[in-house]
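Coordinates from entry_34.txt are shown below (compact mmCIF, C-alpha atoms).
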```txt
# COMPACT_ATOMS: atom_id res chain seq x y z
CA GLY A 1 10.28 5.02 28.79
CA ARG A 2 13.72 3.64 29.61
CA PHE A 3 14.80 0.60 27.68
CA GLU A 4 17.74 -1.22 29.30
CA VAL A 5 18.16 -4.01 26.77
CA MET A 6 20.73 -6.27 28.37
CA ALA A 7 19.54 -5.75 31.93
CA VAL A 8 15.94 -6.61 31.07
CA ILE A 9 16.90 -9.86 29.34
CA ALA A 10 19.51 -10.93 31.86
CA GLY A 11 17.12 -10.25 34.71
CA LEU A 12 14.73 -12.88 33.32
CA SER A 13 17.08 -15.43 31.77
CA ASP A 14 20.86 -15.71 32.03
CA PHE A 15 21.68 -16.68 28.45
CA ARG A 16 25.43 -16.57 28.98
CA GLY A 17 25.50 -18.50 32.25
CA ALA A 18 27.77 -15.81 33.65
CA GLY A 19 25.45 -13.56 35.61
CA SER A 20 24.07 -10.21 34.62
CA PRO A 21 26.16 -8.27 32.11
CA ALA A 22 27.71 -4.95 32.95
CA ASP A 23 25.68 -1.79 32.50
CA ILE A 24 25.78 -0.84 28.81
CA GLY A 25 23.68 2.29 28.98
CA VAL A 26 20.11 3.50 29.09
CA PHE A 27 18.10 4.15 25.93
CA THR A 28 14.97 6.19 25.29
CA MET A 29 12.37 4.38 23.21
CA PRO A 30 8.99 6.12 22.65
CA ALA A 31 6.93 2.98 22.17
CA SER A 32 4.52 0.70 23.98
CA VAL A 33 6.27 -2.44 22.68
CA VAL A 34 9.70 -2.91 21.09
CA VAL A 35 10.96 -5.84 19.02
CA TYR A 36 14.73 -6.08 18.66
CA GLN A 37 17.65 -8.49 18.24
CA ALA A 38 20.20 -9.42 20.88
CA SER A 39 23.24 -11.73 20.66
CA PHE A 40 24.57 -14.05 23.36
CA SER A 41 27.30 -16.72 23.12
CA GLY A 42 27.24 -16.63 19.33
CA ASN A 43 23.45 -16.90 19.02
CA THR A 44 21.09 -14.13 17.94
CA TYR A 45 17.62 -13.88 19.45
CA VAL A 46 14.56 -11.89 18.43
CA CYS A 47 13.04 -10.36 21.55
CA ALA A 48 9.98 -8.30 22.45
CA ALA A 49 9.51 -6.09 25.51
CA ARG A 50 6.66 -3.87 26.60
CA GLN A 51 6.39 -0.96 28.96
CA GLY A 52 5.17 -1.86 32.42
CA ASP A 53 4.54 -0.01 35.68
CA ARG A 54 8.17 -0.50 36.70
CA GLY A 55 9.85 -0.24 33.31
CA TRP A 56 10.29 -2.65 30.42
CA VAL A 57 8.99 -6.20 30.74
CA LEU A 58 10.08 -9.00 28.45
CA ILE A 59 7.20 -10.47 26.43
CA GLY A 60 9.28 -13.26 24.94
CA TYR A 61 12.34 -14.21 22.94
CA LEU A 62 13.24 -16.91 20.43
CA LEU A 63 16.29 -17.87 18.42
CA LEU A 64 16.32 -15.67 15.33
CA THR A 65 14.69 -17.40 12.35
CA GLY A 66 12.03 -16.17 9.98
CA ALA A 67 9.33 -18.28 11.61
CA ASN A 68 10.39 -17.26 15.12
CA ALA A 69 10.55 -13.58 14.17
CA THR A 70 6.98 -13.87 12.81
CA THR A 71 5.88 -15.37 16.13
CA VAL A 72 7.55 -12.67 18.22
CA ILE A 73 6.38 -9.74 16.06
CA ASN A 74 2.79 -11.03 16.12
CA ALA A 75 3.02 -11.52 19.89
CA ALA A 76 4.24 -7.94 20.25
CA LEU A 77 1.33 -6.60 18.19
CA ALA A 78 -1.12 -8.63 20.26
CA ALA A 79 0.37 -7.40 23.55
CA LEU A 80 -1.02 -3.88 23.31
CA SER A 81 -3.85 -2.74 25.57
CA ALA A 82 -7.06 -4.69 25.03
CA GLY A 83 -10.12 -2.72 23.94
CA ARG A 84 -8.15 0.48 23.37
CA THR A 85 -9.62 3.43 21.52
CA TRP A 86 -6.26 5.20 21.16
CA LYS A 87 -3.20 4.29 19.12
CA GLU A 88 -0.33 2.41 20.76
CA THR A 89 3.06 2.00 19.12
CA VAL A 90 5.10 -1.08 18.22
CA VAL A 91 8.65 -0.45 17.00
CA VAL A 92 10.38 -3.33 15.20
CA ILE A 93 14.15 -2.88 14.91
CA GLY A 94 16.35 -4.95 12.61
CA ASN A 95 16.24 -6.90 9.36
CA TYR A 96 14.06 -10.03 9.14
CA THR A 97 14.02 -12.58 6.31
CA GLY A 98 11.56 -15.42 5.84
CA LEU A 99 8.63 -13.80 7.63
CA GLY A 100 5.10 -15.16 7.45
CA THR A 101 1.87 -13.17 7.67
CA ILE A 102 1.98 -10.26 10.14
CA ASN A 103 -1.35 -9.41 11.81
CA VAL A 104 -1.96 -5.81 12.88
CA TYR A 105 -4.83 -4.85 15.18
CA GLY A 106 -6.86 -1.65 15.27
CA TYR A 107 -5.49 1.48 16.92
CA THR A 108 -1.89 0.45 16.24
CA LEU A 109 1.10 2.40 14.93
CA LEU A 110 3.64 -0.07 13.52
CA ILE A 111 7.07 1.48 12.93
CA ILE A 112 9.46 -0.67 10.90
CA GLN A 113 13.16 0.13 11.27
CA GLY A 114 14.78 -2.32 8.86
CA ARG A 115 13.99 -4.64 5.96
CA TRP A 116 11.29 -7.32 6.05
CA VAL A 117 11.32 -10.12 3.46
CA LEU A 118 8.39 -12.49 3.03
CA GLU A 119 9.11 -16.22 3.25
CA ALA A 120 9.33 -18.24 0.04
CA ASN A 121 6.25 -20.14 -1.18
CA HIS A 122 3.99 -18.07 1.04
CA ALA A 123 0.23 -18.51 0.74
CA GLY A 124 -1.66 -15.23 1.12
CA SER A 125 -0.72 -11.62 1.82
CA PHE A 126 2.16 -10.24 3.90
CA ILE A 127 0.87 -7.60 6.34
CA VAL A 128 -2.89 -7.72 7.03
CA ASN A 129 -5.42 -6.34 9.46
CA ALA A 130 -5.78 -9.03 12.11
CA SER A 131 -9.55 -9.45 12.06
CA GLY A 132 -9.92 -9.94 8.31
CA LEU A 133 -13.42 -9.16 7.07
CA LEU A 134 -14.46 -8.05 10.56
CA GLY A 135 -12.21 -5.04 10.05
CA ASN A 136 -9.65 -3.16 12.17
CA SER A 137 -9.63 0.64 12.09
CA TRP A 138 -6.96 3.26 12.79
CA ILE A 139 -3.93 1.21 11.73
CA GLU A 140 -0.81 3.12 10.73
CA ILE A 141 2.30 1.57 9.16
CA CYS A 142 5.44 3.68 8.87
CA GLY A 143 8.95 3.16 7.55
CA GLY A 144 11.12 0.28 6.47
CA THR A 145 11.44 -1.88 3.39
CA ILE A 146 8.68 -4.46 2.93
CA ASP A 147 9.62 -7.05 0.31
CA GLY A 148 7.10 -9.58 -1.01
CA ASN A 149 9.93 -11.77 -2.36
CA ARG A 150 8.24 -12.10 -5.75
CA THR A 151 10.78 -14.37 -7.44
CA ASN A 152 10.42 -17.04 -4.74
CA GLN A 153 6.62 -17.29 -4.72
CA VAL A 154 4.39 -19.76 -6.52
CA THR A 155 1.06 -18.26 -5.39
CA GLY A 156 -0.06 -14.64 -5.21
CA GLY A 157 -0.80 -12.05 -2.55
CA VAL A 158 -0.74 -8.39 -1.55
CA THR A 159 2.08 -6.72 0.39
CA ILE A 160 -0.21 -4.73 2.72
CA LEU A 161 -3.92 -5.58 2.77
CA PHE A 162 -6.64 -3.76 4.73
CA ARG A 163 -10.08 -5.38 4.51
CA MET A 164 -13.19 -3.66 5.87
CA SER A 165 -10.88 -1.34 7.83
CA ASP A 166 -11.41 2.42 8.13
CA ASP A 167 -8.93 5.27 8.68
CA CYS A 168 -5.79 3.24 7.95
CA TRP A 169 -2.68 4.66 6.37
CA VAL A 170 0.79 3.74 5.16
CA HIS A 171 3.64 6.20 4.81
CA HIS A 172 7.40 6.41 4.23
CA CYS A 173 7.71 2.76 3.15
CA LEU A 174 9.63 1.08 0.31
CA ILE A 175 7.44 -1.75 -0.97
CA TYR A 176 8.10 -4.66 -3.33
CA PRO A 177 4.85 -6.48 -4.20
CA PRO A 178 4.68 -10.28 -4.12
CA HIS A 179 3.74 -12.63 -6.95
CA ARG A 180 0.67 -12.70 -9.18
CA ILE A 181 -0.40 -15.87 -10.99
CA SER A 182 -3.85 -15.05 -12.33
CA ALA A 183 -6.74 -12.62 -12.26
CA SER A 184 -8.08 -12.71 -8.72
CA ALA A 185 -11.62 -12.52 -7.43
CA PRO A 186 -12.67 -9.12 -6.06
CA GLY A 187 -11.26 -8.63 -2.58
CA VAL A 188 -7.64 -9.59 -3.16
CA TYR A 189 -5.68 -8.57 -6.24
CA GLU A 190 -2.42 -10.49 -6.33
CA GLY A 191 0.74 -8.55 -7.01
CA THR A 192 -0.60 -5.28 -5.56
CA GLY A 193 1.53 -3.20 -3.20
CA ILE A 194 -1.20 -1.79 -0.91
CA GLN A 195 -4.90 -2.56 -1.11
CA PHE A 196 -7.90 -1.16 0.74
CA ALA A 197 -10.77 -3.59 0.11
CA GLY A 198 -14.40 -3.28 1.06
CA ASP A 199 -17.34 -5.50 0.14
CA ALA A 200 -20.03 -4.76 -2.43
CA SER A 201 -22.60 -6.71 -0.41
CA VAL A 202 -21.99 -4.59 2.72
CA PRO A 203 -21.58 -1.02 1.43
CA ALA A 204 -21.65 0.44 4.93
CA GLN A 205 -18.56 -1.62 5.76
CA GLY A 206 -16.07 -0.56 3.14
CA SER A 207 -12.50 0.40 3.83
CA PHE A 208 -13.09 4.13 4.20
CA ARG A 209 -10.54 6.97 4.25
CA GLY A 210 -7.39 4.98 3.48
CA ILE A 211 -4.24 7.06 2.97
CA VAL A 212 -0.89 6.28 1.31
CA ALA A 213 1.84 8.93 1.38
CA PHE A 214 5.57 9.28 0.71
CA CYS A 215 5.96 5.64 -0.36
CA ARG A 216 7.95 4.05 -3.17
CA ILE A 217 6.44 0.92 -4.74
CA VAL A 218 8.68 -1.05 -7.07
CA ASN A 219 8.00 -3.79 -9.68
CA MET A 220 4.24 -3.95 -9.41
CA LEU A 221 2.50 -6.94 -11.00
CA LYS A 222 -0.95 -5.43 -10.54
CA ASP A 223 -1.44 -2.03 -8.93
CA GLY A 224 0.82 -0.01 -6.69
CA VAL A 225 -2.13 1.17 -4.60
CA GLN A 226 -5.67 -0.01 -5.09
CA PHE A 227 -9.00 0.96 -3.56
CA GLU A 228 -11.88 -1.48 -4.09
CA TYR A 229 -15.28 -0.60 -2.61
CA ALA A 230 -13.18 1.81 -0.54
CA PRO A 231 -14.43 5.44 -0.71
CA TRP A 232 -12.53 8.59 0.26
CA GLY A 233 -9.08 7.17 -0.39
CA THR A 234 -6.04 9.42 -0.76
CA VAL A 235 -2.64 8.84 -2.36
CA PHE A 236 -0.05 11.60 -2.46
CA SER A 237 3.67 12.14 -3.00
CA CYS A 238 4.41 8.52 -3.94
CA THR A 239 6.56 7.01 -6.71
CA PHE A 240 5.90 3.83 -8.65
CA THR A 241 7.89 1.72 -11.12
CA THR A 242 7.32 -1.52 -12.97
CA ALA A 243 9.13 -3.54 -15.58
CA VAL A 244 7.17 -6.77 -15.14
CA SER A 245 5.00 -7.94 -18.03
CA GLY A 246 1.63 -9.63 -17.62
CA ALA A 247 -1.66 -10.20 -19.40
CA TRP A 248 -3.46 -8.15 -16.73
CA GLU A 249 -3.55 -4.38 -16.47
CA THR A 250 -1.08 -2.77 -14.11
CA SER A 251 -1.56 0.77 -12.77
CA ALA A 252 0.30 2.91 -10.28
CA VAL A 253 -2.96 3.86 -8.54
CA GLN A 254 -6.43 2.44 -9.16
CA PHE A 255 -9.77 3.43 -7.69
CA CYS A 256 -12.24 0.71 -8.63
CA TYR A 257 -15.76 -0.55 -8.01
CA ALA A 258 -17.51 2.42 -6.42
CA SER A 259 -14.49 3.79 -4.56
CA SER A 260 -15.87 7.30 -4.86
CA ASP A 261 -14.49 10.65 -3.67
CA GLY A 262 -10.84 9.65 -3.90
CA ILE A 263 -7.82 11.78 -4.71
CA CYS A 264 -4.40 11.04 -6.16
CA TYR A 265 -1.96 13.92 -6.44
CA ASP A 266 1.75 14.68 -6.67
CA CYS A 267 2.64 11.10 -7.65
CA ASN A 268 5.16 9.91 -10.22
CA CYS A 269 5.07 6.58 -12.05
CA ASP A 270 7.43 5.01 -14.59
CA MET A 271 5.73 2.08 -16.33
CA ASN A 272 8.84 1.41 -18.46
CA ASN A 273 6.89 0.68 -21.67
CA THR A 274 5.64 -2.53 -20.08
CA VAL A 275 2.68 -4.17 -21.81
CA SER A 276 -0.83 -3.67 -20.40
CA THR A 277 0.07 -0.68 -18.23
CA ARG A 278 -1.86 2.46 -17.33
CA GLY A 279 -0.49 5.24 -15.18
CA TYR A 280 -3.56 6.07 -13.07
CA LYS A 281 -6.98 4.49 -13.31
CA SER A 282 -10.53 5.13 -12.15
CA HIS A 283 -12.69 2.07 -12.85
CA GLY A 284 -16.37 2.69 -12.25
CA CYS A 285 -15.96 5.48 -9.68
CA ALA A 286 -17.40 8.95 -9.17
CA SER A 287 -15.74 12.15 -7.97
CA ILE A 288 -12.12 11.02 -8.31
CA ILE A 289 -9.44 13.72 -8.63
CA PHE A 290 -6.16 13.07 -10.42
CA GLY A 291 -4.03 16.19 -9.99
CA LEU A 292 -0.40 17.18 -10.53
CA ASN A 293 0.75 13.62 -11.23
CA ILE A 294 3.36 12.40 -13.71
CA SER A 295 2.86 9.27 -15.80
CA SER A 296 5.81 8.08 -17.85
CA PHE A 297 5.84 5.35 -20.50
CA ALA A 298 2.51 3.65 -19.80
CA VAL A 299 1.48 1.70 -22.90
CA LEU A 300 -2.34 1.77 -22.73
CA SER A 301 -2.98 5.22 -21.20
CA GLY A 302 -1.52 7.75 -18.83
CA ILE A 303 -4.88 8.26 -17.09
CA TRP A 304 -7.99 6.16 -17.66
CA ILE A 305 -11.53 7.06 -16.60
CA ASP A 306 -13.57 3.91 -17.16
CA SER A 307 -17.33 3.36 -16.82
CA HIS A 308 -17.40 -0.39 -17.28
CA ASP A 309 -19.27 -2.11 -14.39
CA TYR A 310 -20.24 1.20 -12.71
CA SER A 311 -20.87 4.80 -13.74
CA ALA A 312 -17.95 7.23 -13.82
CA ASN A 313 -19.28 10.72 -13.16
CA ASP A 314 -17.86 14.00 -11.83
CA ASN A 315 -14.19 13.07 -12.13
CA ILE A 316 -11.47 15.72 -12.43
CA VAL A 317 -8.16 15.30 -14.28
CA ILE A 318 -6.12 18.46 -13.77
CA GLY A 319 -2.52 19.55 -14.18
CA ASN A 320 -1.00 16.14 -14.92
CA ARG A 321 1.91 15.32 -17.24
CA MET A 322 1.87 12.21 -19.44
CA TYR A 323 5.03 11.12 -21.27
CA GLY A 324 4.95 8.31 -23.80
CA THR A 325 7.23 6.65 -26.31
CA ALA A 326 6.24 7.30 -29.91
CA ASP A 327 4.61 4.30 -31.65
CA ILE A 328 4.16 2.52 -28.29
CA ALA A 329 1.98 4.71 -26.04
CA GLN A 330 -1.72 4.75 -27.02
CA TYR A 331 -3.72 7.40 -25.10
CA GLY A 332 -2.61 10.22 -22.88
CA ILE A 333 -6.06 10.42 -21.23
CA SER A 334 -8.93 8.09 -22.07
CA VAL A 335 -12.57 8.35 -20.97
CA GLU A 336 -14.55 5.30 -22.03
CA GLY A 337 -16.94 2.54 -20.99
CA THR A 338 -20.44 1.14 -21.19
CA ASN A 339 -22.22 2.93 -18.33
CA ALA A 340 -22.94 6.58 -17.65
CA SER A 341 -19.99 8.95 -17.72
CA ARG A 342 -21.05 12.54 -17.11
CA ASN A 343 -19.68 15.87 -15.91
CA ASN A 344 -16.01 14.93 -16.16
CA LEU A 345 -13.45 17.75 -16.32
CA ILE A 346 -10.11 17.44 -18.14
CA VAL A 347 -8.11 20.63 -17.82
CA GLY A 348 -4.53 21.90 -17.88
CA ASN A 349 -2.78 18.61 -18.65
CA ASN A 350 0.42 18.20 -20.67
CA ILE A 351 0.57 15.14 -22.95
CA THR A 352 3.57 14.08 -25.04
CA ASN A 353 4.10 11.28 -27.60
CA HIS A 354 0.84 9.32 -27.52
CA SER A 355 -1.11 8.05 -30.52
CA ILE A 356 -4.09 10.10 -29.30
CA GLY A 357 -3.71 12.82 -26.69
CA ILE A 358 -7.25 12.75 -25.24
CA ARG A 359 -9.84 10.14 -26.20
CA VAL A 360 -13.54 10.20 -25.20
CA THR A 361 -15.77 7.33 -26.31
CA SER A 362 -18.59 5.28 -24.87
CA ALA A 363 -21.18 2.65 -25.75
CA SER A 364 -23.59 4.43 -23.40
CA ALA A 365 -25.99 7.20 -24.38
CA ASN A 366 -25.30 8.72 -20.98
CA MET A 367 -21.89 10.16 -21.78
CA TYR A 368 -22.15 13.91 -21.92
CA ARG A 369 -20.82 17.13 -20.42
CA THR A 370 -17.17 16.08 -20.63
CA HIS A 371 -15.31 19.38 -20.44
CA ILE A 372 -11.84 19.50 -22.07
CA MET A 373 -9.97 22.77 -21.66
CA ASN A 374 -6.46 24.23 -21.86
CA ASN A 375 -4.58 20.96 -22.38
CA THR A 376 -1.26 20.88 -24.23
CA ILE A 377 -0.61 17.94 -26.55
CA TYR A 378 2.67 17.22 -28.36
CA GLY A 379 3.60 14.46 -30.79
CA ASP A 380 0.19 12.80 -31.11
CA ARG A 381 -0.25 10.68 -34.23
```

I need this file expressed as structure tokens, please.
Amino acid sequence: GRFEVMAVIAGLSDFRGAGSPADIGVFTMPASVVVYQASFSGNTYVCAARQGDRGWVLIGYLLLTGANATTVINAALAALSAGRTWKETVVVIGNYTGLGTINVYGYTLLIIQGRWVLEANHAGSFIVNASGLLGNSWIEICGGTIDGNRTNQVTGGVTILFRMSDDCWVHHCLIYPPHRISASAPGVYEGTGIQFAGDASVPAQGSFRGIVAFCRIVNMLKDGVQFEYAPWGTVFSCTFTTAVSGAWETSAVQFCYASSDGICYDCNCDMNNTVSTRGYKSHGCASIIFGLNISSFAVLSGIWIDSHDYSANDNIVIGNRMYGTADIAQYGISVEGTNASRNNLIVGNNITNHSIGIRVTSASANMYRTHIMNNTIYGDR
């Protein structure tokens, strides 16, 4: 539709006290709702407008502050069609600092054109599905920089958190996770970039079919992407880095607690020889595929297949490259745990400078049929 920024605002409120401004042009904006910034008489406002029958209609505007921008963005997301079963688009233009929690509803495409920074001393996560444990499906988040403002937090959270929400995906984002202060209860893992979280007590209401693609996640304190009770997750063509130490394990991608049938491929992580790091991790999951990934300088392991808590059967580790630093990196690939771990395939991987290239060990009598073929190992000790 046509988006005549100045004319829309001036038609509803004459900020300047000088009548409507001159025509400054007509813009095409393929969106249901747009959030943008406009300046009048030395003041900058954050504004939201939606498409109506006769063009763009102003939803609201407030003086630009972090709290006011949070209010306007949330109002824009809530202004989409009620009860829809199709995606509608909200485009947010501009840089916003000091934001609070942003609530996204089902069947929404949120396009971020700018940098978002979480407010200091924030309690909770940054971008969440609006209905919490009731779930919101078919959410898509695209673009922008999303910064959890780690150094100015005293409690922990997740940058983007989907709970009990199916068919959600995040792509083409640059993400800085927020703070992490302790090991969290299942459901929210502080310091994670993107998390899809289900519920063990309601297995039919997991977060199914989550997708993360073409994202860069920087300075993780827990995991870059994590699936918990969230089957059929997919991560591809993402990069991850961390240089933040902690007593907890940090991974680029983790499938955990029965998040079966997931796939991670064509990803690249640099764990920077940071303590307690693993490149890619499957914790108690079946039928996970790690393929064509690169793990650099993880201390504990490049790829970890773990059967603690739940069985870890039918996993495939194929065509990955693991680089370590001699005398620091422990395992290129490790298969271990206390529950059943059967029918795992490790084939065609390239492993350099780890104390042990491939390690298979278990306290369970149900570890068998682990197939290891055509792997290349250099510099193991």

So for region 138-156 of chain A, what box centre and size do we get, axis-aligned, 3 Å extra on each of the six sides, every listed atom, Å to one decimal, as lines of an AutoDock Vina configuration file?
```
center_x = 2.2
center_y = -8.0
center_z = 2.7
size_x = 24.4
size_y = 29.4
size_z = 26.2
```

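Nearest residue to Asn320 (chain A) among A:Cys267, A:Ala340, A:Asp306, A:Val275 is A:Cys267, counting only C-alpha atoms.
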
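Residues with any atom within 9 Å of Thr108 (chain A), counting only C-alpha atoms and excluding same-chain neighbours fewer than 2 positions away, are Leu77, Leu80, Trp86, Lys87, Glu88, Thr89, Val90, Val104, Tyr105, Gly106, Leu110, Ser137, Trp138, Ile139, Glu140 and Ile141 of chain A.
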
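Reported to one decimal place, the separation of CA of Ile160 (chain A) from CA of Phe126 (chain A) is 6.1 Å.
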
Legend entry - Computed interatomic separation between CA of Ala67 (chain A) and CA of Gly132 (chain A) (Å): 21.2 Å

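Neighbouring residues of Thr192 (chain A) at 8 Å or closer, counting all atoms listed in the file and skipping chain neighbours under 6 positions away, are Gly157, Val158, Thr159, Pro177, Pro178, Met220, Leu221, Lys222, Asp223, Gly224, Val225 and Gln226 of chain A.
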
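With distances taken over all atoms listed in the file, A:Ser32 is the one residue among A:Ser32, A:Thr97, A:Ser260, A:Gln37 lying closest to Ser81 (chain A).
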